[in-house]
Amino acid sequence: MKLALVGDIGGTNARFALWRDQELHSIRVHATADHGSPEEAIKVYLKEEGLEIGDIGAVCLSVAGPVSGDEFKFTNNHWRLSKTAFCQALQVDELLLVNDFSAMALGMTRLKPDEFRVVCEGTPEPLRPAVVIGPGTGLGVGTLLDLGAGRWAALPGEGGHVDLPLSSPRETQLWQHIYSEIGHVSAETALSGGGLPRLYRAICAVDGHEPVLDTPEAITAAGLAGDPVAMEVLDQFSIWLGRVAGNNVLTTGGRGGVYIVGGVIPRFADFFINSGFAQSFRDKGCMSDYFKGIPVWLVTAPYSGLTGAGVALEQAFA
């Protein structure tokens with residue numbers, strides 16, 4: 001039987017692995033800038049693993065953007081892909097392309113006990129949707145559906161581009177400053193890596209502070225060290241994330257729980273768990289009781305997108 005290969009392709013890096021016995025093997029990371037195409041990168045990966053072209057029977061790639069037709073243009077790097085040409089070049093029988101956040105959502109079905117932390121206690125209701133939300137370079141939002149009998153479906157969407165929800169005069173002031181910078185204020189403009197400096201500048205402007213920090217890393221480090229302005233940035237970030245996550249729960253009926261993914265929150269995980277997230281998540285007026293018992297988890301697994309690509313491959317070609 002031929003091997004299966006999975007990939008999770010971002011703007012900077014492409015992660016590849018072999019998928020065998022429902023697990024990832026031989027994970028390697030390649031810089032997209034080092035290769036002219038995904039085919040070239042995979043050929044290098046195969047050589048590193050001592051494999052030949054034709055040894056791989058099926059491939060699933062997690063890619064950023066809507067997937068349809070034979071041609072796919074990566075939205076965050078210079079690569080292009082033709083399914084037909086790809087299969088011919090690598091002598092692959094099957095190629096499956098899945099939206100990156102669909103793969104991320106499917107990856108939640110294979111989490112191990114040491115790959116997540118509990119943010120809000122609760123018990124997921126069987127066969128109810130779960131919300132997967134992730135601040136990173138942008139803000140990804142997806143819905144995971146348990147179809148029963150060990151099968152799952154992931155519904156991609158563009159929930160990160162909803163309007164940023166406001167719930168106090170203070171938040172309105174911050175919104176006004178962000179609006180003056182960029183115009184329309186989506187959730188992603190605040191709830192992303194780039195959103196941390198944007199929120200920091202807004203707080204400094206509203207309160208009359210001179211901004212001295214200009215990167216997400218510097219703001220996070222200062223907040224964890226006790227800088228009061230940076231601490232407010234991290235807390236307001238957490239509060240807004242709670243409100244957006246709660247809105248998605250109401251929209252989808254997501255009593256299957258909420259998974260928080262992405263690269264931003266794990267950098268200040270302890271702070272986040274003790275932040276205003278939980279209160280803002282549940283604070284929905286007459287619908288606040290709806291949130292009783294809905295669990296929230298912070299995912300720390302490093303390769304959920306790759307794992308989800310493997311799950312998608314299994315379900316598509318089982």
# chains A, B, ... in the order shown; residues from 1 in each chain; ligands from 1
$ closest_atom_pairs --of "range 87-139 of chain A" --to "range 293-307 of chain A" --cutoff "8 Å" --atoms "only C-alpha atoms" --output "tab-separated table"
residue	atom	partner	partner_atom	distance
A:Asp100	CA	A:Gly305	CA	6.8
A:Phe101	CA	A:Gly305	CA	7.6
A:Ala103	CA	A:Gly305	CA	5.2
A:Met104	CA	A:Gly305	CA	4.4
A:Ala105	CA	A:Gly305	CA	7.9
A:Leu106	CA	A:Thr307	CA	7.7
A:Gly107	CA	A:Ser304	CA	4.7
A:Met108	CA	A:Ser304	CA	6.9
A:Arg110	CA	A:Thr307	CA	7.4
A:Leu111	CA	A:Ala301	CA	7.3
A:Glu115	CA	A:Ala301	CA	4.7
A:Phe116	CA	A:Val299	CA	4.2
A:Arg117	CA	A:Leu298	CA	5.0
A:Val118	CA	A:Trp297	CA	4.7
A:Val119	CA	A:Val296	CA	5.3
A:Cys120	CA	A:Val296	CA	4.8
A:Glu121	CA	A:Pro295	CA	5.1
A:Gly122	CA	A:Pro295	CA	4.1
A:Thr123	CA	A:Pro295	CA	5.9
A:Pro124	CA	A:Ile294	CA	6.2
$ write_last_selection --atoms "C-alpha atoms" --output "PDB file, in the first residue's frame"
ATOM      1  CA  ASP A 100      -6.705  25.758   6.315  1.00  0.00           C
ATOM      2  CA  PHE A 101      -9.242  26.465   9.018  1.00  0.00           C
ATOM      3  CA  ALA A 103      -8.175  21.367   8.582  1.00  0.00           C
ATOM      4  CA  MET A 104      -7.558  23.135  11.886  1.00  0.00           C
ATOM      5  CA  ALA A 105     -11.103  22.306  13.016  1.00  0.00           C
ATOM      6  CA  LEU A 106     -10.755  18.651  12.034  1.00  0.00           C
ATOM      7  CA  GLY A 107      -7.497  18.551  13.993  1.00  0.00           C
ATOM      8  CA  MET A 108      -9.486  19.144  17.179  1.00  0.00           C
ATOM      9  CA  ARG A 110      -7.479  14.095  17.589  1.00  0.00           C
ATOM     10  CA  LEU A 111      -6.272  16.217  20.484  1.00  0.00           C
ATOM     11  CA  GLU A 115      -2.422  19.310  24.069  1.00  0.00           C
ATOM     12  CA  PHE A 116      -5.048  21.625  25.546  1.00  0.00           C
ATOM     13  CA  ARG A 117      -5.849  23.562  28.719  1.00  0.00           C
ATOM     14  CA  VAL A 118      -9.268  24.186  30.221  1.00  0.00           C
ATOM     15  CA  VAL A 119     -10.366  27.825  30.154  1.00  0.00           C
ATOM     16  CA  CYS A 120     -14.020  27.307  31.118  1.00  0.00           C
ATOM     17  CA  GLU A 121     -15.228  24.100  32.738  1.00  0.00           C
ATOM     18  CA  GLY A 122     -18.115  22.272  31.133  1.00  0.00           C
ATOM     19  CA  THR A 123     -19.264  19.216  29.257  1.00  0.00           C
ATOM     20  CA  PRO A 124     -19.771  19.277  25.475  1.00  0.00           C
TER      21      PRO A 124
END
$ residues_around --residues "range 26-36 of chain A" --least-positions-apart "6" --cutoff "8 Å" --atoms "only C-alpha atoms" --output "number ranges by chain"
A: 11-18, 45, 49, 77-79
$ select_by_dssp --residues "range 55-237 of chain A" --states "alpha helix (DSSP H)" --output "VMD selection string"
chain A and resid 83 to 90 100 to 107 169 to 182 187 to 190 195 to 207 216 to 224 228 to 237
$ closest_residue --among "A:Ser186, A:Ala218, A:Leu95, A:Ser168" --to "Gly138 in chain A" --atoms "only C-alpha atoms"
A:Ser186
$ select_by_dssp --residues "range 149-237 of chain A" --states "strand (DSSP E or B)" --output "PyMOL selection string"
chain A and resi 151-156+163+186
$ write_last_selection --atoms "N, CA, C and O atoms" --output "JSON list (two decimals), in the first residue's frame"
[["chain", "number", "residue", "atom", "x", "y", "z"],
["A", 151, "ARG", "N", -17.30, 10.21, 12.32],
["A", 151, "ARG", "CA", -17.10, 11.09, 11.18],
["A", 151, "ARG", "C", -17.41, 12.54, 11.57],
["A", 151, "ARG", "O", -18.26, 12.79, 12.42],
["A", 152, "TRP", "N", -16.69, 13.46, 10.91],
["A", 152, "TRP", "CA", -16.77, 14.86, 11.26],
["A", 152, "TRP", "C", -16.86, 15.71, 10.01],
["A", 152, "TRP", "O", -16.41, 15.31, 8.94],
["A", 153, "ALA", "N", -17.42, 16.88, 10.15],
["A", 153, "ALA", "CA", -17.44, 17.86, 9.08],
["A", 153, "ALA", "C", -16.99, 19.21, 9.64],
["A", 153, "ALA", "O", -17.29, 19.54, 10.79],
["A", 154, "ALA", "N", -16.24, 19.94, 8.85],
["A", 154, "ALA", "CA", -15.79, 21.28, 9.25],
["A", 154, "ALA", "C", -16.35, 22.29, 8.27],
["A", 154, "ALA", "O", -16.19, 22.13, 7.05],
["A", 155, "LEU", "N", -17.03, 23.29, 8.79],
["A", 155, "LEU", "CA", -17.63, 24.32, 7.95],
["A", 155, "LEU", "C", -16.73, 25.55, 7.96],
["A", 155, "LEU", "O", -16.60, 26.22, 8.99],
["A", 156, "PRO", "N", -16.08, 25.86, 6.83],
["A", 156, "PRO", "CA", -15.25, 27.06, 6.79],
["A", 156, "PRO", "C", -16.12, 28.31, 6.69],
["A", 156, "PRO", "O", -17.27, 28.25, 6.27],
["A", 163, "ASP", "N", -17.93, 42.53, 12.27],
["A", 163, "ASP", "CA", -17.62, 43.78, 12.96],
["A", 163, "ASP", "C", -17.18, 43.51, 14.38],
["A", 163, "ASP", "O", -17.70, 42.61, 15.06],
["A", 186, "SER", "N", -12.96, 45.44, 11.75],
["A", 186, "SER", "CA", -13.43, 44.06, 11.89],
["A", 186, "SER", "C", -12.84, 43.45, 13.14],
["A", 186, "SER", "O", -11.91, 44.00, 13.76]]
$ residues_around --residues "Gly194 in chain A" --least-positions-apart "5" --cutoff "10 Å" --atoms "only C-alpha atoms" --output "list in words"
Pro135, Gly136, Thr137, Gly138, Glu188, Thr189, Leu199, Asp214, Thr215 and Pro216 of chain A
$ write_last_selection --atoms "all heavy atoms" --output "compact mmCIF listing (two decimals), in the first residue's frame"
# COMPACT_ATOMS: atom_id res chain seq x y z
N PRO A 135 -6.84 33.46 16.90
CA PRO A 135 -6.06 34.65 16.55
C PRO A 135 -4.62 34.24 16.21
O PRO A 135 -3.94 33.58 17.00
CB PRO A 135 -6.09 35.49 17.84
CG PRO A 135 -7.08 34.82 18.75
CD PRO A 135 -7.12 33.39 18.33
N GLY A 136 -4.19 34.64 15.03
CA GLY A 136 -2.82 34.41 14.60
C GLY A 136 -2.43 35.57 13.71
O GLY A 136 -2.59 36.72 14.09
N THR A 137 -1.94 35.28 12.51
CA THR A 137 -1.70 36.34 11.54
C THR A 137 -2.99 37.09 11.25
O THR A 137 -3.00 38.30 11.09
CB THR A 137 -1.12 35.76 10.25
OG1 THR A 137 0.08 35.04 10.56
CG2 THR A 137 -0.81 36.85 9.25
N GLY A 138 -4.09 36.34 11.18
CA GLY A 138 -5.44 36.90 11.10
C GLY A 138 -6.29 36.29 12.20
O GLY A 138 -5.76 35.81 13.20
N GLU A 188 -10.97 40.92 13.24
CA GLU A 188 -9.59 40.55 12.95
C GLU A 188 -8.62 41.71 13.12
O GLU A 188 -7.45 41.51 13.48
CB GLU A 188 -9.50 40.01 11.52
CG GLU A 188 -8.10 39.59 11.10
CD GLU A 188 -8.08 38.95 9.73
OE1 GLU A 188 -8.35 37.74 9.65
OE2 GLU A 188 -7.81 39.67 8.74
N THR A 189 -9.07 42.94 12.89
CA THR A 189 -8.16 44.08 12.99
C THR A 189 -7.68 44.29 14.42
O THR A 189 -6.63 44.90 14.64
CB THR A 189 -8.83 45.37 12.49
OG1 THR A 189 -10.01 45.62 13.25
CG2 THR A 189 -9.18 45.27 11.03
N LEU A 199 -4.17 47.85 19.11
CA LEU A 199 -4.90 48.08 20.36
C LEU A 199 -4.04 48.86 21.35
O LEU A 199 -4.54 49.75 22.07
CB LEU A 199 -5.34 46.74 20.94
CG LEU A 199 -6.10 46.76 22.26
CD1 LEU A 199 -7.31 47.67 22.19
CD2 LEU A 199 -6.53 45.33 22.63
N ASP A 214 6.16 48.43 19.97
CA ASP A 214 5.65 48.41 18.59
C ASP A 214 5.54 47.02 17.99
O ASP A 214 5.23 46.89 16.80
CB ASP A 214 6.52 49.28 17.69
CG ASP A 214 7.98 48.85 17.68
OD1 ASP A 214 8.31 47.84 18.33
OD2 ASP A 214 8.79 49.53 17.01
N THR A 215 5.75 45.98 18.77
CA THR A 215 5.61 44.62 18.22
C THR A 215 4.74 43.79 19.16
O THR A 215 4.68 44.05 20.38
CB THR A 215 6.96 43.92 18.07
OG1 THR A 215 7.54 43.68 19.37
CG2 THR A 215 7.92 44.75 17.23
N PRO A 216 4.07 42.77 18.63
CA PRO A 216 3.29 41.87 19.50
C PRO A 216 4.13 41.24 20.59
O PRO A 216 3.69 41.10 21.73
CB PRO A 216 2.74 40.82 18.53
CG PRO A 216 2.79 41.46 17.19
CD PRO A 216 3.95 42.39 17.20
